[in-house]
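Below is model.txt, which holds compact mmCIF, C-alpha atoms and all ligand atoms.
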```
# COMPACT_ATOMS: atom_id res chain seq x y z
CA MET A 1 0.00 0.00 0.00
CA VAL A 2 2.71 2.41 1.03
CA GLY A 3 4.82 1.29 -1.93
CA ARG A 4 1.99 1.91 -4.38
CA PHE A 5 1.34 5.34 -2.89
CA SER A 6 4.97 6.38 -3.22
CA VAL A 7 5.00 5.23 -6.87
CA LEU A 8 1.93 7.36 -7.50
CA VAL A 9 3.55 10.36 -5.85
CA ARG A 10 6.65 9.82 -7.92
CA ILE A 11 4.66 9.62 -11.17
CA CYS A 12 2.76 12.76 -10.27
CA PHE A 13 5.95 14.56 -9.44
CA ALA A 14 7.63 13.45 -12.68
CA PHE A 15 4.61 14.59 -14.67
CA TYR A 16 4.57 17.94 -12.95
CA ALA A 17 8.31 18.38 -13.40
CA SER A 18 8.14 17.60 -17.12
CA LEU A 19 5.25 20.04 -17.51
CA ALA A 20 7.22 22.76 -15.80
CA ALA A 21 10.29 21.99 -17.89
CA ALA A 22 8.28 22.11 -21.11
CA LYS A 23 6.77 25.40 -20.10
CA ALA A 24 10.16 26.83 -19.19
CA ALA A 25 11.61 25.64 -22.49
CA GLN A 26 8.80 27.14 -24.51
CA GLU A 27 8.25 30.54 -23.01
CA PRO A 28 11.61 32.23 -22.54
CA LEU A 29 12.87 30.89 -25.88
CA LEU A 30 11.45 33.84 -27.78
CA GLN A 31 12.66 36.29 -25.14
CA GLN A 32 16.20 34.98 -24.92
CA GLY A 33 18.96 37.14 -26.35
CA TYR A 34 21.98 36.11 -28.40
CA ARG A 35 24.91 34.49 -26.72
CA VAL A 36 28.37 35.75 -27.67
CA GLY A 37 29.49 33.80 -30.73
CA GLU A 38 25.98 33.04 -31.93
CA LYS A 39 25.44 33.43 -35.67
CA ILE A 40 23.12 36.12 -37.02
CA PRO A 41 21.68 35.66 -40.53
CA VAL A 42 21.51 38.67 -42.84
CA SER A 43 18.60 38.97 -45.24
CA CYS A 44 17.89 41.70 -47.76
CA LEU A 45 14.93 43.17 -49.59
CA ASN A 46 14.24 41.53 -52.92
CA ARG A 47 13.93 44.04 -55.74
CA THR A 48 12.72 43.93 -59.34
CA ILE A 49 15.57 44.07 -61.83
CA ASP A 50 13.84 46.47 -64.22
CA THR A 51 13.00 49.30 -61.81
CA GLY A 52 14.79 48.38 -58.58
CA GLU A 53 11.52 48.64 -56.72
CA HIS A 54 10.98 46.42 -53.71
CA ILE A 55 8.93 43.29 -54.13
CA THR A 56 5.87 42.66 -52.01
CA ASP A 57 3.81 39.54 -51.71
CA ALA A 58 0.06 39.20 -52.23
CA THR A 59 -0.66 40.62 -48.77
CA GLY A 60 1.55 43.66 -49.30
CA GLN A 61 4.41 42.45 -47.08
CA LEU A 62 7.94 43.26 -48.15
CA SER A 63 9.83 40.24 -49.43
CA TYR A 64 13.18 39.62 -47.76
CA ILE A 65 15.55 36.98 -49.14
CA PRO A 66 18.82 35.67 -47.70
CA PHE A 67 21.98 37.62 -48.51
CA PRO A 68 23.76 36.06 -51.52
CA THR A 69 25.78 32.95 -50.69
CA CYS A 70 29.42 33.51 -49.78
CA ASN A 71 31.85 31.21 -51.54
CA GLU A 72 33.97 31.02 -48.35
CA THR A 73 31.25 29.44 -46.22
CA GLY A 74 28.73 28.16 -48.74
CA ARG A 75 26.07 30.03 -46.76
CA PRO A 76 24.54 33.51 -46.90
CA LEU A 77 26.42 36.18 -44.96
CA GLU A 78 26.27 35.75 -41.20
CA LEU A 79 27.44 38.09 -38.46
CA VAL A 80 28.65 36.66 -35.15
CA PHE A 81 27.22 38.23 -32.01
CA GLY A 82 29.78 40.24 -30.07
CA VAL A 83 32.74 39.01 -32.15
CA GLU A 84 34.83 41.59 -33.96
CA LYS A 85 36.39 40.12 -37.05
CA ASP A 86 36.93 40.42 -40.75
CA ILE A 87 34.57 38.38 -42.87
CA ASN A 88 35.29 37.69 -46.52
CA CYS A 89 32.20 37.01 -48.57
CA THR A 90 32.90 36.39 -52.23
CA ILE A 91 29.78 36.15 -54.34
CA ASP A 92 30.96 33.57 -56.81
CA PHE A 93 29.18 34.58 -59.99
CA ILE A 94 27.39 37.84 -60.72
CA ASP A 95 24.51 36.87 -62.96
CA ASP A 96 22.58 39.29 -65.13
CA PRO A 97 19.80 40.11 -62.59
CA PHE A 98 22.28 40.64 -59.76
CA PHE A 99 24.43 42.86 -61.98
CA HIS A 100 21.42 45.08 -62.66
CA LEU A 101 20.67 45.27 -58.96
CA LEU A 102 24.29 46.28 -58.30
CA GLU A 103 23.83 49.07 -60.83
CA PHE A 104 20.85 50.34 -58.84
CA TYR A 105 22.80 50.13 -55.59
CA VAL A 106 25.94 51.98 -56.69
CA HIS A 107 23.94 54.51 -58.68
CA ASN A 108 21.79 55.22 -55.61
CA ASP A 109 18.55 54.37 -57.37
CA ALA A 110 17.76 51.95 -54.57
CA PRO A 111 19.55 51.05 -51.35
CA LEU A 112 20.71 47.55 -50.52
CA THR A 113 18.30 47.24 -47.61
CA CYS A 114 19.12 44.35 -45.32
CA ARG A 115 18.04 43.37 -41.84
CA ILE A 116 19.11 41.10 -38.99
CA PRO A 117 16.94 39.51 -36.31
CA THR A 118 17.01 41.67 -33.18
CA LYS A 119 16.98 38.50 -31.04
CA PRO A 120 17.42 34.89 -32.16
CA LEU A 121 14.51 33.72 -34.26
CA PRO A 122 12.70 30.54 -33.29
CA PRO A 123 14.22 27.57 -35.20
CA SER A 124 11.35 27.29 -37.70
CA ALA A 125 11.66 30.93 -38.75
CA LEU A 126 15.43 30.61 -38.95
CA LYS A 127 15.04 27.73 -41.39
CA ASP A 128 12.86 29.92 -43.59
CA GLU A 129 15.38 32.72 -43.34
CA PHE A 130 18.01 30.51 -44.90
CA GLU A 131 16.01 28.39 -47.28
CA LYS A 132 13.25 30.31 -48.90
CA GLY A 133 13.38 33.78 -47.45
CA THR A 134 10.83 35.41 -45.22
CA LYS A 135 7.81 37.03 -46.71
CA ASP A 136 6.50 38.41 -43.48
CA ASP A 137 7.21 41.24 -41.19
CA THR A 138 5.33 39.43 -38.48
CA ASP A 139 3.24 42.41 -37.56
CA GLY A 140 3.36 44.25 -40.86
CA GLN A 141 5.29 47.23 -39.53
CA GLY A 142 7.98 47.14 -42.18
CA SER A 143 11.35 48.27 -40.90
CA LEU A 144 9.81 49.37 -37.60
CA SER A 145 9.14 45.79 -36.64
CA GLU A 146 10.89 44.92 -33.39
CA VAL A 147 11.67 41.43 -34.61
CA TYR A 148 14.29 42.73 -37.04
CA THR A 149 16.84 45.52 -36.95
CA PRO A 150 17.47 47.25 -40.30
CA MET A 151 20.98 47.23 -41.72
CA VAL A 152 21.33 49.32 -44.87
CA VAL A 153 24.45 48.38 -46.82
CA ALA A 154 25.74 51.58 -48.41
CA LEU A 155 27.59 50.15 -51.37
CA ALA A 156 29.73 52.78 -53.12
CA GLY A 157 30.88 52.59 -56.70
CA THR A 158 30.61 54.10 -60.15
CA LEU A 159 28.59 53.12 -63.15
CA GLN A 160 30.43 52.79 -66.48
CA LEU A 161 29.05 51.91 -69.89
CA SER A 162 30.15 48.30 -69.89
CA HIS A 163 31.12 47.65 -66.31
CA LEU A 164 30.90 48.74 -62.69
CA HIS A 165 33.43 49.85 -60.13
CA VAL A 166 32.43 48.71 -56.66
CA ALA A 167 34.22 49.58 -53.41
CA THR A 168 34.14 46.08 -51.95
CA SER A 169 35.82 46.82 -48.60
CA MET A 170 33.05 47.48 -46.10
CA ASN A 171 32.82 48.51 -42.47
CA VAL A 172 29.99 47.01 -40.43
CA LEU A 173 29.00 48.64 -37.13
CA VAL A 174 26.62 46.82 -34.83
CA HIS A 175 25.29 48.19 -31.55
CA ALA A 176 23.94 45.87 -28.90
CA ALA A 177 21.47 47.15 -26.32
CA PRO A 178 23.15 47.66 -22.91
CA LYS A 179 23.37 44.36 -21.04
CA SER A 180 21.50 45.79 -18.06
CA VAL A 181 18.56 46.77 -20.27
CA SER A 182 18.26 43.80 -22.61
CA PRO A 183 21.11 41.28 -22.84
CA GLY A 184 21.93 39.77 -26.21
CA THR A 185 19.78 42.22 -28.17
CA ILE A 186 20.73 44.15 -31.27
CA ALA A 187 19.96 47.86 -31.12
CA ALA A 188 21.23 49.18 -34.45
CA ALA A 189 23.41 48.19 -37.39
CA THR A 190 24.88 49.72 -40.51
CA ALA A 191 27.38 48.87 -43.23
CA TYR A 192 29.22 51.11 -45.67
CA SER A 193 31.91 50.96 -48.33
CA ILE A 194 35.25 52.43 -47.43
CA SER A 195 36.99 53.86 -50.46
CA ARG A 196 40.53 53.30 -49.26
CA GLU A 197 41.47 50.81 -51.92
CA PRO A 198 40.85 51.18 -55.64
CA PRO A 199 37.35 49.87 -56.43
CA THR A 200 36.91 46.44 -57.97
CA ARG A 201 36.02 46.33 -61.65
CA ILE A 202 32.96 44.16 -62.22
CA VAL A 203 31.35 42.73 -65.36
CA ILE A 204 28.64 40.08 -65.60
CA GLY A 205 30.06 36.68 -64.66
CA ASP A 206 32.76 38.06 -62.35
CA PRO A 207 32.96 37.23 -58.66
CA LEU A 208 32.24 40.04 -56.17
CA PRO A 209 34.85 39.82 -53.39
CA LEU A 210 33.19 41.60 -50.46
CA GLN A 211 35.29 42.14 -47.33
CA PHE A 212 33.45 43.08 -44.17
CA SER A 213 35.23 44.50 -41.16
CA VAL A 214 32.79 44.05 -38.27
CA ARG A 215 32.89 46.07 -35.04
CA TRP A 216 30.57 45.73 -32.06
CA TYR A 217 29.53 48.33 -29.51
CA PRO A 218 27.99 47.39 -26.13
CA ASN A 219 25.54 50.32 -26.19
CA THR A 220 24.17 52.85 -28.65
CA GLN A 221 26.95 55.38 -28.13
CA LEU A 222 29.85 55.63 -30.55
CA PRO A 223 33.18 55.95 -28.76
CA SER A 224 35.31 58.91 -29.79
CA GLY A 225 38.02 57.73 -32.14
CA TRP A 226 39.61 61.06 -32.94
CA THR A 227 42.56 62.23 -30.83
CA GLY A 228 43.74 65.15 -32.99
CA VAL A 229 42.37 68.69 -33.10
CA GLY A 230 38.89 68.85 -31.63
CA GLY A 231 39.24 65.46 -30.03
CA HIS A 232 38.82 64.63 -26.40
CA LEU A 233 41.47 64.76 -23.71
CA THR A 234 43.11 61.37 -23.81
CA PHE A 235 44.85 59.55 -20.99
CA SER A 236 48.29 60.01 -22.56
CA THR A 237 47.69 63.77 -22.93
CA LEU A 238 46.70 63.89 -19.28
CA VAL A 239 49.82 62.00 -18.22
CA TYR A 240 51.95 64.33 -20.36
CA CYS A 241 50.40 67.39 -18.72
CA VAL A 242 50.91 66.04 -15.20
CA ILE A 243 54.53 65.13 -15.92
CA SER A 244 55.32 68.52 -17.46
CA ALA A 245 53.64 70.26 -14.51
CA LEU A 246 55.76 68.23 -12.05
CA ALA A 247 58.91 68.94 -14.07
CA SER A 248 58.16 72.67 -14.11
CA ALA A 249 57.58 72.62 -10.36
CA ALA A 250 60.86 70.74 -9.81
CA ILE A 251 62.77 73.27 -11.92
CA CYS A 252 61.19 76.12 -9.96
CA VAL A 253 62.14 74.57 -6.63
CA ALA A 254 65.69 73.85 -7.82
CA TYR A 255 66.07 77.36 -9.17
CA PHE A 256 64.77 78.92 -5.98
CA ARG A 257 66.91 76.79 -3.72
CA GLY A 258 70.07 76.84 -5.81
CA VAL A 259 70.08 80.38 -7.27
CA GLU A 260 67.44 82.63 -5.88
CA LEU A 261 67.61 81.77 -2.18
CA PRO A 262 71.43 82.13 -1.85
CA ARG A 263 71.24 85.39 -3.80
CA ARG A 264 68.52 86.71 -1.53
CA LEU A 265 70.37 85.62 1.57
CA LYS A 266 73.51 87.32 0.26
CA SER A 267 71.81 90.53 -0.74
CA HIS A 268 69.81 90.53 2.49
CA GLY A 269 73.04 91.05 4.31
CA LYS A 270 74.28 93.78 1.94
CA ASP A 271 71.43 95.94 0.91
CA ARG A 272 68.14 95.13 2.61
CA LEU A 273 65.75 97.23 0.51
CA GLY A 274 67.29 96.81 -2.98
CA GLY A 275 67.79 93.08 -2.45
CA MET A 276 64.12 92.58 -1.61
CA GLU A 277 63.06 94.44 -4.74
CA ARG A 278 65.27 92.43 -7.07
CA GLY A 279 64.37 89.15 -5.41
CA GLY A 280 60.69 90.05 -5.61
CA LEU A 281 60.87 90.67 -9.33
CA GLY A 282 62.75 87.46 -9.94
CA GLY A 283 60.14 85.54 -7.99
CA TYR A 284 57.28 86.93 -10.04
CA GLY A 285 59.18 86.16 -13.21
CA LEU A 286 59.04 82.49 -12.37
CA GLY A 287 55.26 82.39 -12.23
CA PRO A 288 54.50 82.93 -15.94
CA GLY A 289 57.41 80.68 -16.84
CA MET A 290 55.72 77.77 -15.11
CA GLY A 291 52.40 78.70 -16.68
CA ASN A 292 53.99 78.62 -20.12
CA GLY A 293 55.44 75.18 -19.60
CA TYR A 294 52.03 73.84 -18.67
CA GLY A 295 50.27 75.55 -21.55
CA TYR A 296 52.85 74.32 -24.04
CA GLY A 297 52.27 70.75 -22.90
CA ILE A 298 48.56 70.94 -23.76
CA GLY A 299 49.00 72.94 -26.94
CA LYS A 300 51.54 70.59 -28.43
CA ARG A 301 49.61 67.39 -27.91
CA ASP A 302 46.09 68.48 -28.67
C1 LIG B 401 13.15 37.92 -56.02
O1 LIG B 401 12.18 38.44 -56.88
C2 LIG B 401 12.27 37.95 -58.22
C3 LIG B 401 11.26 38.71 -59.06
O2 LIG B 401 9.99 38.59 -58.54
C4 LIG B 401 12.04 36.45 -58.23
O3 LIG B 401 12.15 35.96 -59.56
C5 LIG B 401 13.09 35.80 -57.36
O4 LIG B 401 12.86 34.43 -57.28
C6 LIG B 401 13.08 36.41 -55.97
N1 LIG B 401 14.20 35.85 -55.24
C7 LIG B 401 14.07 34.95 -54.27
C8 LIG B 401 15.33 34.45 -53.67
O5 LIG B 401 12.98 34.58 -53.87
C1 LIG B 402 40.14 38.15 -46.94
O1 LIG B 402 40.64 38.33 -48.25
C2 LIG B 402 41.80 39.15 -48.31
C3 LIG B 402 42.14 39.37 -49.77
O2 LIG B 402 41.93 38.24 -50.54
C4 LIG B 402 42.92 38.48 -47.52
O3 LIG B 402 44.06 39.27 -47.55
C5 LIG B 402 42.46 38.29 -46.08
O4 LIG B 402 43.44 37.58 -45.35
C6 LIG B 402 41.16 37.53 -46.01
N1 LIG B 402 40.68 37.54 -44.66
C7 LIG B 402 40.10 36.50 -44.07
C8 LIG B 402 39.67 36.70 -42.68
O5 LIG B 402 39.94 35.45 -44.66
C1 LIG B 403 34.02 29.24 -55.25
O1 LIG B 403 34.04 27.88 -54.83
C2 LIG B 403 34.05 26.98 -55.89
C3 LIG B 403 33.92 25.58 -55.32
O2 LIG B 403 34.42 25.51 -54.02
C4 LIG B 403 35.33 27.16 -56.70
O3 LIG B 403 35.33 26.25 -57.78
C5 LIG B 403 35.36 28.58 -57.22
O4 LIG B 403 36.59 28.80 -57.93
C6 LIG B 403 35.25 29.57 -56.09
N1 LIG B 403 35.15 30.90 -56.65
C7 LIG B 403 35.84 31.92 -56.18
C8 LIG B 403 35.62 33.23 -56.84
O5 LIG B 403 36.64 31.82 -55.26
```

Kindly return the structure encoded in the file as structure tokens.
Ligand SMILES: *[C@@H]1O[C@H](CO)[C@@H](O)[C@H](O)[C@H]1NC(C)=O
Ligand SMILES: *[C@@H]1O[C@H](CO)[C@@H](O)[C@H](O)[C@H]1NC(C)=O
Ligand SMILES: *[C@@H]1O[C@H](CO)[C@@H](O)[C@H](O)[C@H]1NC(C)=O
Amino acid sequence: MVGRFSVLVRICFAFYASLAAAKAAQEPLLQQGYRVGEKIPVSCLNRTIDTGEHITDATGQLSYIPFPTCNETGRPLELVFGVEKDINCTIDFIDDPFFHLLEFYVHNDAPLTCRIPTKPLPPSALKDEFEKGTKDDTDGQGSLSEVYTPMVVALAGTLQLSHLHVATSMNVLVHAAPKSVSPGTIAAATAYSISREPPTRIVIGDPLPLQFSVRWYPNTQLPSGWTGVGGHLTFSTLVYCVISALASAAICVAYFRGVELPRRLKSHGKDRLGGMERGGLGGYGLGPGMGNGYGYGIGKRD
């Protein structure tokens, strides 16, 4: 009797525990943020090749398709959460439709509008993202949807009669929401060509060797990267100022002890009034000298 009762209790407990586990597994899944190192798929707006206009489905939703497949990975472009790195993504073969789209992008007729999921998508949606593209915006809010964060890829280049020049080196900046507010959540993203290197010449059938340099920021502020004129006071500038101030002070003390004080003591004995006057002037003279040393330290570095 007791044995049967304990079995019953155990079954009940196991059932309850599995229920709780299932519930726990189901609910926070959608809320959970990215873990560092988790892959983030990039998808872009599909456009018509004759006008460059975006394509909508029967219900008026914008049609997003996976980013073209990179030859390096055999998969569409993926960012990696919180990992700063360079990603090469060579699009193996530029076919006729894609070439026309590139013309729209570099000629600024239409932007290369992409997006990344703000938080990990549930597995079923992720599968769609990679295999057939997503036709939804979940709640129909376009780029304001909270499910995705827009990432416009500002591709620079020039249009020639027979070919294109495309600046294929790109910077990608991604901001995560502060950890205290919403861990593992993307807040904003952008990508743009940097025109450092000569642009790549492209004709139909060529590969497009895109190189993405990805940087992550743990909040929505951009750190100051400029230390020249108009920049902020840096630590090294501060250290330089402190050291030059200490050096000036040391020179003053040495001068006063070694030169001025003995002179004053000497002249004190000889001519009381005249000595005081000369010493006083000398002492004042030191003040601006120290000020100059300090000011020079700031002016030179900044
Ligand atoms: C993008 O739109 C074009 C034109 O409607 C269509 O032919 C093509 O299949 C679409 N691309 C994808 C990946 O669905
Ligand atoms: C990307 O490609 C460039 C040029 O081909 C090469 O120099 C660089 O090492 C590659 N970077 C990575 C991370 O593969
Ligand atoms: C892309 O990969 C295929 C097969 O791995 C290879 O044959 C081709 O040469 C590669 N193309 C480029 C542009 O690297």

All file atoms of ligand LIG 403 (chain B) boxed axis-aligned, 8 Å per side, centre plus edges, as AutoDock Vina command-line options:
```
--center_x 35.3 --center_y 29.4 --center_z -56.0 --size_x 18.7 --size_y 23.7 --size_z 19.9
```

Do you have, as CSV, the list of residues of chain A lying at most 6 Å from ligand LIG 401 (chain B), each with its nearest atom pair and that distance in Å to one decimal, counting all atoms listed in the file and ordered by chain then number?
```
residue,atom,partner,partner_atom,distance
A:Asn46,CA,B:LIG401,C1,4.9
A:Arg47,CA,B:LIG401,O1,6.0
A:Thr48,CA,B:LIG401,C3,5.4
A:Ile65,CA,B:LIG401,C8,5.2
```

Report as JSON lines: every residue of chain A with an atom at most 9 Å from ligand LIG 402 (chain B), its closest pair of atoms, and their distance in Å to one decimal, counting all atoms listed in the file, with rows sorted by chain and ascending residue number.
```
{"residue": "A:Glu72", "atom": "CA", "partner": "B:LIG402", "partner_atom": "O5", "distance": 8.3}
{"residue": "A:Lys85", "atom": "CA", "partner": "B:LIG402", "partner_atom": "C8", "distance": 7.4}
{"residue": "A:Asp86", "atom": "CA", "partner": "B:LIG402", "partner_atom": "C8", "distance": 5.0}
{"residue": "A:Ile87", "atom": "CA", "partner": "B:LIG402", "partner_atom": "C8", "distance": 5.4}
{"residue": "A:Asn88", "atom": "CA", "partner": "B:LIG402", "partner_atom": "C1", "distance": 4.9}
{"residue": "A:Cys89", "atom": "CA", "partner": "B:LIG402", "partner_atom": "C1", "distance": 8.2}
{"residue": "A:Thr90", "atom": "CA", "partner": "B:LIG402", "partner_atom": "O1", "distance": 8.9}
{"residue": "A:Pro209", "atom": "CA", "partner": "B:LIG402", "partner_atom": "O2", "distance": 7.8}
{"residue": "A:Leu210", "atom": "CA", "partner": "B:LIG402", "partner_atom": "O1", "distance": 8.4}
{"residue": "A:Gln211", "atom": "CA", "partner": "B:LIG402", "partner_atom": "C1", "distance": 6.3}
{"residue": "A:Phe212", "atom": "CA", "partner": "B:LIG402", "partner_atom": "C1", "distance": 8.8}
```

Here is a test: counting only C-alpha atoms and all ligand atoms, which residue of A:His100, A:His163, A:Arg75, A:Arg257 is nearest to ligand LIG 403 (chain B)?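 Closest candidate: A:Arg75.
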
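Across the structure, atom O2 of ligand LIG 403 (chain B) and CA of Ile91 in chain A are spaced 11.6 Å apart.
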
Which residues come within 8 Å of Leu77 in chain A, counting all atoms listed in the file, excluding same-chain residues fewer than 5 positions away, as a short mmCIF file (atom, residue, chain, number, x, y, z; two decimals) with C-alpha atoms, in the frame of the given file?
```
data_model
loop_
_atom_site.label_atom_id
_atom_site.label_comp_id
_atom_site.auth_asym_id
_atom_site.auth_seq_id
_atom_site.Cartn_x
_atom_site.Cartn_y
_atom_site.Cartn_z
CA PRO A 41 21.68 35.66 -40.53
CA VAL A 42 21.51 38.67 -42.84
CA PHE A 67 21.98 37.62 -48.51
CA PRO A 68 23.76 36.06 -51.52
CA THR A 69 25.78 32.95 -50.69
CA CYS A 70 29.42 33.51 -49.78
CA CYS A 89 32.20 37.01 -48.57
#
```

Collect all residues with atoms no farther than 6 Å from ligand LIG 403 (chain B), counting only C-alpha atoms and all ligand atoms, and output them as a compact mmCIF listing (two decimals) with C-alpha atoms, in the frame of the given file.
```
# COMPACT_ATOMS: atom_id res chain seq x y z
CA ASN A 71 31.85 31.21 -51.54
CA ASP A 92 30.96 33.57 -56.81
CA PRO A 207 32.96 37.23 -58.66
```

CA of His165 in chain A sits from CA of Phe98 in chain A at a separation of 14.5 Å

Would you please work out which residue, of A:Gly157, A:Gly74, A:Pro218, A:Gly60, is nearest to Ile202 in chain A when using only C-alpha atoms? A:Gly157
